[in-house]
file protein.csv (CSV, C-alpha atoms)
chain,number,residue,atom,x,y,z
A,25,MET,CA,62.7,82.4,52.5
A,26,PRO,CA,59.1,81.1,53.3
A,27,VAL,CA,57.1,83.9,54.9
A,28,GLU,CA,56.7,83.9,58.7
A,29,THR,CA,53.4,85.5,59.9
A,30,SER,CA,52.8,86.3,63.6
A,31,ILE,CA,50.3,88.5,65.4
A,32,TRP,CA,50.5,90.1,68.8
A,33,LYS,CA,47.7,91.5,70.9
A,34,ILE,CA,48.7,94.8,72.5
A,35,GLY,CA,47.2,95.7,75.9
A,36,GLN,CA,48.5,95.9,79.4
A,37,THR,CA,50.8,93.2,78.2
A,38,VAL,CA,52.0,92.1,74.8
A,39,GLU,CA,50.7,88.6,74.0
A,40,LYS,CA,51.4,86.5,70.9
A,41,ILE,CA,48.2,85.1,69.4
A,42,PRO,CA,48.9,81.4,68.7
A,43,PHE,CA,48.6,79.9,65.3
A,44,ILE,CA,46.0,77.1,65.2
A,45,PRO,CA,45.9,74.7,62.3
A,46,LEU,CA,42.5,74.5,60.5
A,47,ALA,CA,40.7,71.3,61.5
A,48,LEU,CA,40.3,70.4,57.9
A,49,GLU,CA,41.7,71.8,54.7
A,50,SER,CA,38.2,71.6,53.4
A,51,GLU,CA,37.4,74.5,55.7
A,52,LEU,CA,39.8,76.7,53.9
A,53,GLN,CA,38.5,75.5,50.5
A,54,ALA,CA,35.0,76.3,51.7
A,55,ALA,CA,36.1,79.8,52.7
A,56,LEU,CA,37.7,80.4,49.3
A,57,GLU,CA,34.6,79.2,47.5
A,58,GLN,CA,32.5,81.6,49.5
A,59,ASN,CA,34.8,84.5,49.0
A,60,LEU,CA,37.7,84.3,46.5
A,61,GLY,CA,38.5,87.8,47.5
A,62,ILE,CA,40.6,86.5,50.5
A,63,LEU,CA,43.0,85.2,47.9
A,64,ASN,CA,42.5,87.8,45.1
A,65,PRO,CA,39.7,90.4,45.0
A,66,GLY,CA,39.7,90.3,41.2
A,67,LEU,CA,38.6,86.6,40.7
A,68,MET,CA,35.4,84.9,39.7
A,69,LEU,CA,34.9,81.2,40.5
A,70,ILE,CA,34.3,79.0,37.5
A,71,GLY,CA,34.2,75.7,39.2
A,72,ARG,CA,35.3,73.5,42.1
A,73,GLN,CA,36.7,70.0,41.8
A,74,VAL,CA,37.0,70.4,38.0
A,75,ARG,CA,37.8,67.2,36.3
A,76,THR,CA,40.7,67.2,33.8
A,77,GLU,CA,41.2,65.0,30.8
A,78,ASN,CA,43.5,62.8,33.0
A,79,ASN,CA,40.6,62.2,35.4
A,80,LYS,CA,42.2,64.3,38.1
A,81,PHE,CA,40.5,67.2,39.9
A,82,ILE,CA,41.5,70.9,40.2
A,83,ASP,CA,40.4,72.2,43.6
A,84,LEU,CA,39.3,75.6,42.3
A,85,LEU,CA,39.3,77.1,38.8
A,86,ALA,CA,38.7,80.9,38.5
A,87,ILE,CA,39.0,83.7,36.0
A,88,ASP,CA,40.0,87.4,36.3
A,89,SER,CA,38.6,90.4,34.5
A,90,GLU,CA,41.2,90.2,31.7
A,91,GLY,CA,40.1,86.6,30.9
A,92,HIS,CA,43.1,84.9,32.4
A,93,LEU,CA,42.4,81.5,34.1
A,94,HIS,CA,43.6,80.8,37.7
A,95,VAL,CA,44.3,77.3,39.0
A,96,ILE,CA,44.0,77.2,42.8
A,97,GLU,CA,45.3,74.1,44.5
A,98,LEU,CA,45.5,73.3,48.2
A,99,LYS,CA,48.7,71.6,49.4
A,100,ARG,CA,46.9,68.9,51.3
A,101,GLY,CA,50.1,67.5,52.8
A,102,LEU,CA,51.6,66.5,49.5
A,103,THR,CA,55.4,66.4,49.1
A,104,PRO,CA,57.1,69.3,47.5
A,105,ARG,CA,57.7,67.4,44.2
A,106,ASP,CA,54.1,66.2,44.1
A,107,VAL,CA,52.3,69.5,44.8
A,108,VAL,CA,54.3,71.4,42.2
A,109,ALA,CA,54.1,68.5,39.7
A,110,GLN,CA,50.3,68.4,40.2
A,111,ALA,CA,49.9,72.1,39.6
A,112,LEU,CA,52.0,71.9,36.4
A,113,ASP,CA,50.0,68.9,35.2
A,114,TYR,CA,46.8,70.9,35.7
A,115,ALA,CA,48.3,73.9,33.8
A,116,ALA,CA,49.1,71.7,30.8
A,117,TRP,CA,45.4,71.0,30.6
A,118,VAL,CA,44.1,74.4,31.5
A,119,ARG,CA,46.1,76.2,28.8
A,120,LYS,CA,44.1,74.4,26.1
A,121,LEU,CA,40.7,75.6,27.4
A,122,GLY,CA,38.7,77.9,25.1
A,123,HIS,CA,35.4,79.9,25.4
A,124,GLU,CA,33.3,76.8,24.9
A,125,ASP,CA,35.2,74.7,27.5
A,126,VAL,CA,35.1,77.5,30.1
A,127,GLY,CA,31.4,78.1,29.5
A,128,ARG,CA,30.6,74.4,29.9
A,129,ILE,CA,32.6,74.1,33.2
A,130,TYR,CA,30.9,77.2,34.5
A,131,GLY,CA,27.4,75.9,33.6
A,132,GLU,CA,28.1,72.5,35.2
A,133,ASN,CA,29.1,74.2,38.4
A,134,HIS,CA,26.3,76.9,38.4
A,135,ALA,CA,23.1,75.0,37.7
A,136,GLY,CA,23.3,75.6,33.9
A,137,ALA,CA,23.8,79.4,34.3
A,138,SER,CA,25.4,81.4,31.5
A,139,PHE,CA,29.2,82.1,31.8
A,140,ALA,CA,28.8,85.3,29.9
A,141,ASP,CA,26.0,86.5,32.2
A,142,GLY,CA,28.1,85.5,35.3
A,143,PHE,CA,31.1,87.3,34.0
A,144,ARG,CA,29.1,90.5,33.3
A,145,ASP,CA,27.5,90.3,36.7
A,146,THR,CA,30.9,90.0,38.4
A,147,PHE,CA,33.0,92.4,36.4
A,148,ASP,CA,30.4,94.6,34.7
A,149,ALA,CA,32.0,93.8,31.4
A,150,ALA,CA,31.7,91.4,28.5
A,151,VAL,CA,33.9,88.3,28.3
A,152,PRO,CA,37.1,89.3,26.5
A,153,GLU,CA,37.3,88.2,22.9
A,154,THR,CA,40.7,86.7,23.7
A,155,LEU,CA,40.2,84.3,26.5
A,156,ASN,CA,42.9,82.3,28.4
A,157,ALA,CA,45.7,84.2,26.9
A,158,SER,CA,47.6,83.3,30.0
A,159,HIS,CA,47.0,81.5,33.3
A,160,GLN,CA,48.1,81.5,36.9
A,161,LEU,CA,48.9,78.6,39.3
A,162,THR,CA,48.5,79.3,43.0
A,163,ILE,CA,49.4,76.7,45.6
A,164,VAL,CA,47.6,77.4,48.9
A,165,ALA,CA,49.4,76.3,52.1
A,166,SER,CA,50.0,77.1,55.7
A,167,ASP,CA,53.7,76.7,55.1
A,168,ILE,CA,56.2,75.2,52.7
A,169,ASP,CA,59.7,73.6,53.0
A,170,PRO,CA,62.8,75.1,51.5
A,171,SER,CA,62.7,72.6,48.6
A,172,THR,CA,59.3,73.8,47.5
A,173,GLU,CA,60.4,77.4,47.8
A,174,ARG,CA,63.5,76.8,45.6
A,175,ILE,CA,61.4,75.0,43.0
A,176,VAL,CA,58.8,77.7,42.8
A,177,GLN,CA,61.3,80.5,42.6
A,178,TYR,CA,63.2,78.7,39.8
A,179,LEU,CA,60.0,78.2,37.8
A,180,VAL,CA,59.0,81.8,38.1
A,181,ASP,CA,62.4,82.9,37.0
A,182,TYR,CA,62.0,80.8,33.9
A,183,GLY,CA,58.5,82.1,33.0
A,184,VAL,CA,56.2,79.7,34.7
A,185,PRO,CA,53.2,81.6,36.3
A,186,ILE,CA,53.2,79.9,39.8
A,187,ASN,CA,53.1,81.3,43.3
A,188,VAL,CA,52.3,80.2,46.9
A,189,ALA,CA,49.7,81.8,49.1
A,190,PHE,CA,50.1,81.2,52.8
A,191,PHE,CA,47.1,81.2,55.1
A,192,ARG,CA,47.5,81.2,58.8
A,193,HIS,CA,44.5,80.6,61.2
A,194,PHE,CA,44.3,82.6,64.4
A,195,THR,CA,41.7,82.8,67.1
A,196,ALA,CA,41.3,85.7,69.6
A,197,ALA,CA,38.4,86.8,71.8
A,198,GLY,CA,36.2,84.0,70.5
A,199,SER,CA,36.7,85.1,66.8
A,200,ALA,CA,38.6,83.3,64.1
A,201,PHE,CA,40.9,85.0,61.6
A,202,LEU,CA,42.7,84.1,58.4
A,203,VAL,CA,45.9,86.0,57.6
A,204,ARG,CA,47.2,85.8,54.0
A,205,SER,CA,50.7,86.4,52.7
A,206,TRP,CA,52.6,85.4,49.5
A,207,LEU,CA,55.9,83.7,48.8
A,208,ILE,CA,56.5,86.2,45.9
A,209,ASP,CA,54.7,89.6,45.6
A,210,PRO,CA,52.1,88.9,42.9
A,211,ASP,CA,53.0,91.9,40.8
A,212,GLU,CA,56.7,91.1,41.0
A,213,ALA,CA,55.9,87.5,40.0
A,214,ALA,CA,53.8,88.6,37.1
A,215,GLU,CA,56.5,90.9,35.8
A,216,ARG,CA,59.2,88.2,36.1
A,217,VAL,CA,57.0,85.7,34.2
A,218,GLU,CA,56.0,88.1,31.5
A,219,ARG,CA,59.6,89.1,30.9
A,220,ARG,CA,60.4,85.5,30.0
A,221,ASP,CA,57.1,84.7,28.3
A,222,SER,CA,57.2,84.0,24.6
A,223,ASN,CA,53.4,84.0,24.3
A,224,LYS,CA,52.6,86.6,21.6
A,225,LYS,CA,48.9,86.9,22.4
A,226,GLN,CA,49.7,89.8,24.7
A,227,GLN,CA,52.3,92.4,25.1
A,228,PRO,CA,54.4,91.9,28.3
A,229,TRP,CA,53.6,93.9,31.4
A,230,ASN,CA,56.3,96.1,32.9
A,231,GLY,CA,55.3,95.3,36.5
A,232,GLN,CA,54.4,98.9,37.3
A,233,ASP,CA,51.7,100.5,35.2
A,234,TYR,CA,47.9,100.2,35.7
A,235,TYR,CA,44.9,101.6,33.8
A,236,VAL,CA,42.0,102.8,35.9
A,237,ALA,CA,38.7,103.8,34.3
A,238,PHE,CA,37.3,106.8,36.2
A,239,ARG,CA,33.6,107.0,35.2
A,240,GLU,CA,32.2,110.4,36.1
A,241,GLU,CA,28.7,110.4,37.5
A,242,GLN,CA,26.6,112.5,39.9
A,243,TRP,CA,28.6,110.9,42.7
A,244,ARG,CA,32.1,111.0,41.1
A,245,SER,CA,34.0,114.0,39.7
A,246,TRP,CA,37.4,114.3,38.2
A,247,ASP,CA,37.8,117.7,39.9
A,248,ASP,CA,37.4,116.1,43.3
A,249,ALA,CA,39.8,113.3,42.5
A,250,VAL,CA,42.5,115.9,41.6
A,251,LYS,CA,41.8,118.1,44.6
A,252,TYR,CA,41.8,115.4,47.2
A,253,GLY,CA,44.2,112.9,45.6
A,254,PHE,CA,42.2,109.7,44.9
A,255,LEU,CA,40.6,107.4,42.3
A,256,SER,CA,37.3,105.7,43.2
A,257,ALA,CA,34.5,103.3,42.3
A,258,GLY,CA,31.2,102.6,44.0
A,259,ARG,CA,27.6,101.4,43.9
A,260,GLY,CA,28.5,97.8,44.7
A,261,LYS,CA,31.3,95.3,45.4
A,262,LYS,CA,31.5,94.2,41.8
A,263,TYR,CA,32.8,97.7,41.0
A,264,THR,CA,34.8,98.5,44.1
A,265,ARG,CA,36.6,95.1,44.7
A,266,LEU,CA,38.9,95.6,41.6
A,267,LEU,CA,40.4,98.7,43.3
A,268,GLU,CA,41.7,96.4,46.0
A,269,GLY,CA,44.3,95.1,43.6
A,270,LEU,CA,46.0,98.5,43.5
A,271,GLN,CA,48.9,98.6,46.0
A,272,PRO,CA,50.9,101.6,47.1
A,273,GLY,CA,53.8,102.3,44.8
A,274,ARG,CA,52.1,101.3,41.6
A,275,ARG,CA,51.7,103.9,38.8
A,276,VAL,CA,48.2,104.6,37.6
A,277,ALA,CA,46.9,106.3,34.5
A,278,ALA,CA,43.4,107.7,34.9
A,279,TYR,CA,41.1,107.3,31.9
A,280,ILE,CA,37.6,108.9,31.7
A,281,PRO,CA,35.5,106.9,29.2
A,282,LYS,CA,34.7,108.9,26.0
A,283,VAL,CA,37.1,111.6,27.1
A,284,GLY,CA,40.6,110.2,27.4
A,285,TYR,CA,43.6,110.0,29.8
A,286,VAL,CA,43.5,112.9,32.3
A,287,GLY,CA,46.2,112.1,34.9
A,288,VAL,CA,49.1,109.9,36.0
A,289,GLY,CA,50.1,109.3,39.6
A,290,THR,CA,51.3,106.9,42.2
A,291,VAL,CA,49.1,104.9,44.5
A,292,THR,CA,49.6,106.0,48.1
A,293,SER,CA,47.0,103.9,50.0
A,294,VAL,CA,44.9,100.8,49.6
A,295,ALA,CA,41.2,100.9,48.8
A,296,THR,CA,39.1,102.3,51.6
A,297,PRO,CA,35.4,103.2,52.1
A,298,MET,CA,34.9,106.9,51.7
A,299,LYS,CA,33.7,107.3,55.3
A,300,ASP,CA,37.1,106.0,56.5
A,301,PHE,CA,39.4,107.6,53.8
A,302,PRO,CA,41.9,110.0,55.3
A,303,PHE,CA,41.5,113.1,53.3
A,304,LEU,CA,44.5,115.4,53.7
A,305,LEU,CA,43.7,119.1,53.5
A,306,ASP,CA,46.0,121.9,54.5
A,307,GLY,CA,48.1,119.3,56.4
A,308,GLN,CA,45.2,118.0,58.4
A,309,VAL,CA,43.3,114.7,58.1
A,310,GLN,CA,39.6,115.4,57.4
A,311,GLN,CA,36.6,113.1,57.1
A,312,ALA,CA,34.5,113.1,54.0
A,313,SER,CA,31.4,114.4,55.8
A,314,ALA,CA,33.4,117.6,56.6
A,315,LEU,CA,34.4,118.4,53.0
A,316,THR,CA,32.8,120.0,50.0
A,317,PHE,CA,32.7,118.0,46.7
A,318,SER,CA,31.9,119.0,43.2
A,319,ALA,CA,30.0,115.8,42.7
A,320,PRO,CA,26.5,116.5,44.3
A,321,GLU,CA,26.0,112.8,45.4
A,322,ALA,CA,29.6,112.1,46.4
A,323,LEU,CA,28.5,111.0,49.9
A,324,HIS,CA,25.9,108.5,48.7
A,325,ASP,CA,25.4,105.5,51.0
A,326,LEU,CA,28.2,106.8,53.2
A,327,ASP,CA,27.4,104.5,56.1
A,328,ASP,CA,27.0,101.4,53.8
A,329,PRO,CA,30.5,100.1,52.8
A,330,ASP,CA,28.9,97.8,50.2
A,331,LEU,CA,27.4,100.6,48.3
A,332,SER,CA,29.4,103.7,49.1
A,333,GLU,CA,32.4,105.0,47.1
A,334,TRP,CA,35.7,103.3,47.8
A,335,LEU,CA,38.8,105.4,47.3
A,336,VAL,CA,42.4,104.6,46.5
A,337,GLY,CA,44.9,107.4,47.6
A,338,VAL,CA,46.9,108.8,44.7
A,339,SER,CA,49.8,111.3,44.6
A,340,TRP,CA,49.2,112.9,41.2
A,341,HIS,CA,52.4,113.6,39.3
A,342,GLN,CA,50.6,115.4,36.5
A,343,THR,CA,46.9,116.0,35.6
A,344,VAL,CA,45.0,117.9,32.9
A,345,PRO,CA,41.4,119.1,32.7
A,346,LYS,CA,39.1,117.1,30.6
A,347,HIS,CA,39.4,119.4,27.6
A,348,GLY,CA,43.2,118.6,27.6
A,349,ALA,CA,42.8,114.8,27.8
A,350,LEU,CA,45.0,112.5,25.8
A,351,ALA,CA,42.6,110.8,23.4
A,352,GLY,CA,42.8,108.8,20.1
A,353,GLY,CA,41.6,105.7,18.5
A,354,ASN,CA,44.9,103.8,18.9
A,355,LEU,CA,45.2,104.3,22.6
A,356,PHE,CA,44.4,101.5,25.0
A,357,SER,CA,41.0,101.6,26.7
A,358,ASN,CA,39.1,98.9,28.5
A,359,GLN,CA,35.7,98.3,29.9
A,360,ASN,CA,37.2,97.0,33.2
A,361,ILE,CA,37.7,99.5,36.0
A,362,VAL,CA,41.3,98.3,36.7
A,363,CYS,CA,43.7,96.3,34.6
A,364,ARG,CA,47.4,96.1,33.9
A,365,LEU,CA,48.5,98.6,31.2
A,366,ARG,CA,50.6,96.6,28.7
A,367,ASP,CA,50.2,98.6,25.5
A,368,GLN,CA,53.6,100.1,24.7
A,369,GLY,CA,52.1,102.6,22.2
A,370,THR,CA,49.8,104.0,24.9
A,371,LEU,CA,52.7,104.1,27.5
A,372,ASP,CA,54.8,106.1,25.0
A,373,ALA,CA,51.9,108.5,24.3
A,374,LEU,CA,51.4,109.0,28.1
A,375,ALA,CA,55.1,109.7,28.6
A,376,LYS,CA,54.8,112.5,26.0
A,377,HIS,CA,51.5,113.9,27.3
A,378,PHE,CA,52.4,113.6,31.0
A,379,PRO,CA,56.2,114.0,30.9
A,380,LYS,CA,56.5,115.1,34.5
A,381,ALA,CA,54.8,111.8,35.7
A,382,PHE,CA,57.3,109.7,33.8
A,383,GLN,CA,60.3,111.8,34.7
A,384,ASP,CA,59.4,111.6,38.3
A,385,ALA,CA,59.3,107.8,38.1
A,386,SER,CA,62.6,107.6,36.3
A,387,SER,CA,64.4,109.8,38.8
A,388,ALA,CA,63.0,107.7,41.7
A,389,GLY,CA,64.2,104.5,40.1
A,390,GLY,CA,60.9,103.5,38.7
A,391,THR,CA,59.9,102.1,35.3
A,392,PRO,CA,60.4,104.8,32.5
call {"tool": "encode", "arguments": {"input": "protein.csv", "output": "structure tokens"}}
result
Amino acid sequence: MPVETSIWKIGQTVEKIPFIPLALESELQAALEQNLGILNPGLMLIGRQVRTENNKFIDLLAIDSEGHLHVIELKRGLTPRDVVAQALDYAAWVRKLGHEDVGRIYGENHAGASFADGFRDTFDAAVPETLNASHQLTIVASDIDPSTERIVQYLVDYGVPINVAFFRHFTAAGSAFLVRSWLIDPDEAAERVERRDSNKKQQPWNGQDYYVAFREEQWRSWDDAVKYGFLSAGRGKKYTRLLEGLQPGRRVAAYIPKVGYVGVGTVTSVATPMKDFPFLLDGQVQQASALTFSAPEALHDLDDPDLSEWLVGVSWHQTVPKHGALAGGNLFSNQNIVCRLRDQGTLDALAKHFPKAFQDASSAGGTP
């Protein structure tokens, strides 16, 4: 069923905050252009109103850290058949884009700037050698009718990477708010699509496992991560925003660059600035400023959420010290801080090195 979103203000009385349609859909497009993080924190904008070979225009074209392209299309009052058909038409064109095409579109939309430089500035990584191995279609709407829902659900079940993001506009106390929800949980949709996908450029994702690069620095220590139950990134939004894609219940494998895999656990809480992270010690919630850390600069920029460490809570199933890390040339590693872990050989090796982590998941009904 289409998602229903409502907000209530709790005070002396409980009052429902009314939904107010945006005056223009262009306002929502402008908001997305300014901050694609309200749709997906792991996206970089390539271009707006991108002309296709059929002389039509994609509202927004974006890319994620793995090099997958994202077509974002506002519903704009189209009929269910038209909005879905339009998205599929765009996908037929986008799937043929290569490095040169993406670089040209980016340059046309960013005053001739280099796509490679923009990608590195956004993700702190080089452009993947394999670009556009897959793509994602996202229809943005305030609501959809049952017909559109049935069509989208059917397409996802048959391997088409399409979803609907709902944005509702609320006002309260003189401030305006956007609330986002999804027709299908994005991770669930990705797993359903990849299960059916015959594209051999990538191994399918199991819908559960993530790789997280934990780069030890003066401000970040693996001993602290194990002691207090977290993974982290910091020193700027381009590093921390990818953590926002990790949702509670997902399994994470922690990898220290040049060392190897050191732990497997389950995400317990969403990304939060260190100052606000609820550290649990001896059954009591503690603030970071009251704790002792092995990393001497762990509390850097504590009052600045743009620069401070951001933490994702993790319940560790099994960890090892760095000298006991799982390492080897055939294991998956990636320059991105967070990405989906697809490599079956690495998953098999992790299951042998961290058996308790995978046994726990299996007994709980998770992915083995």
call {"tool": "residues_around", "arguments": {"input": "protein.csv", "residues": "stretch 49-64 of chain A", "least_positions_apart": "2", "cutoff": "8 Å", "atoms": "all atoms listed in the file", "output": "list in words"}}
result
Leu46, Ala47, Gly66, Leu67, Met68, Leu69, Arg72, Asp83, Leu84, Leu98, Arg100, Ala189, Arg204 and Gly269 of chain A
call {"tool": "residues_around", "arguments": {"input": "protein.csv", "residues": "A:Val108", "least_positions_apart": "3", "cutoff": "10 Å", "atoms": "only C-alpha atoms", "output": "PyMOL selection string"}}
result
chain A and resi 97+99+102-105+111-114+161-163+172+175-176+179+186
call {"tool": "residues_around", "arguments": {"input": "protein.csv", "residues": "A:Lys261", "least_positions_apart": "2", "cutoff": "12 Å", "atoms": "all atoms listed in the file", "output": "PyMOL selection string"}}
result
chain A and resi 59+61+65-66+145-148+257-259+263-268+295+297+328-334
call {"tool": "residues_around", "arguments": {"input": "protein.csv", "residues": "A:Lys33", "least_positions_apart": "6", "cutoff": "12 Å", "atoms": "only C-alpha atoms", "output": "ChimeraX atom specification"}}
result
/A:39-42,194-197
call {"tool": "atom_distance", "arguments": {"input": "protein.csv", "atom1": "atom CA of A:Asp169", "atom2": "atom CA of A:Phe201"}}
result
23.6 Å
call {"tool": "atom_distance", "arguments": {"input": "protein.csv", "atom1": "atom CA of A:Gln177", "atom2": "atom CA of A:Asp106"}}
result
16.1 Å
call {"tool": "atom_distance", "arguments": {"input": "protein.csv", "atom1": "atom CA of A:Ser158", "atom2": "atom CA of A:Arg364"}}
result
13.4 Å
call {"tool": "residues_around", "arguments": {"input": "protein.csv", "residues": "stretch 348-352 of chain A", "least_positions_apart": "4", "cutoff": "12 Å", "atoms": "all atoms listed in the file", "output": "ChimeraX atom specification"}}
result
/A:246,277-288,342-344,356-357,369-378
call {"tool": "residues_near_point", "arguments": {"input": "protein.csv", "point": "(44.0, 88.1, 36.6)", "cutoff": "8 Å", "atoms": "only C-alpha atoms", "output": "list in words"}}
result
Gly66, Leu67, Ile87, Asp88, Ser89, Glu90, Gly91, His92, Leu93, His94, His159 and Gln160 of chain A
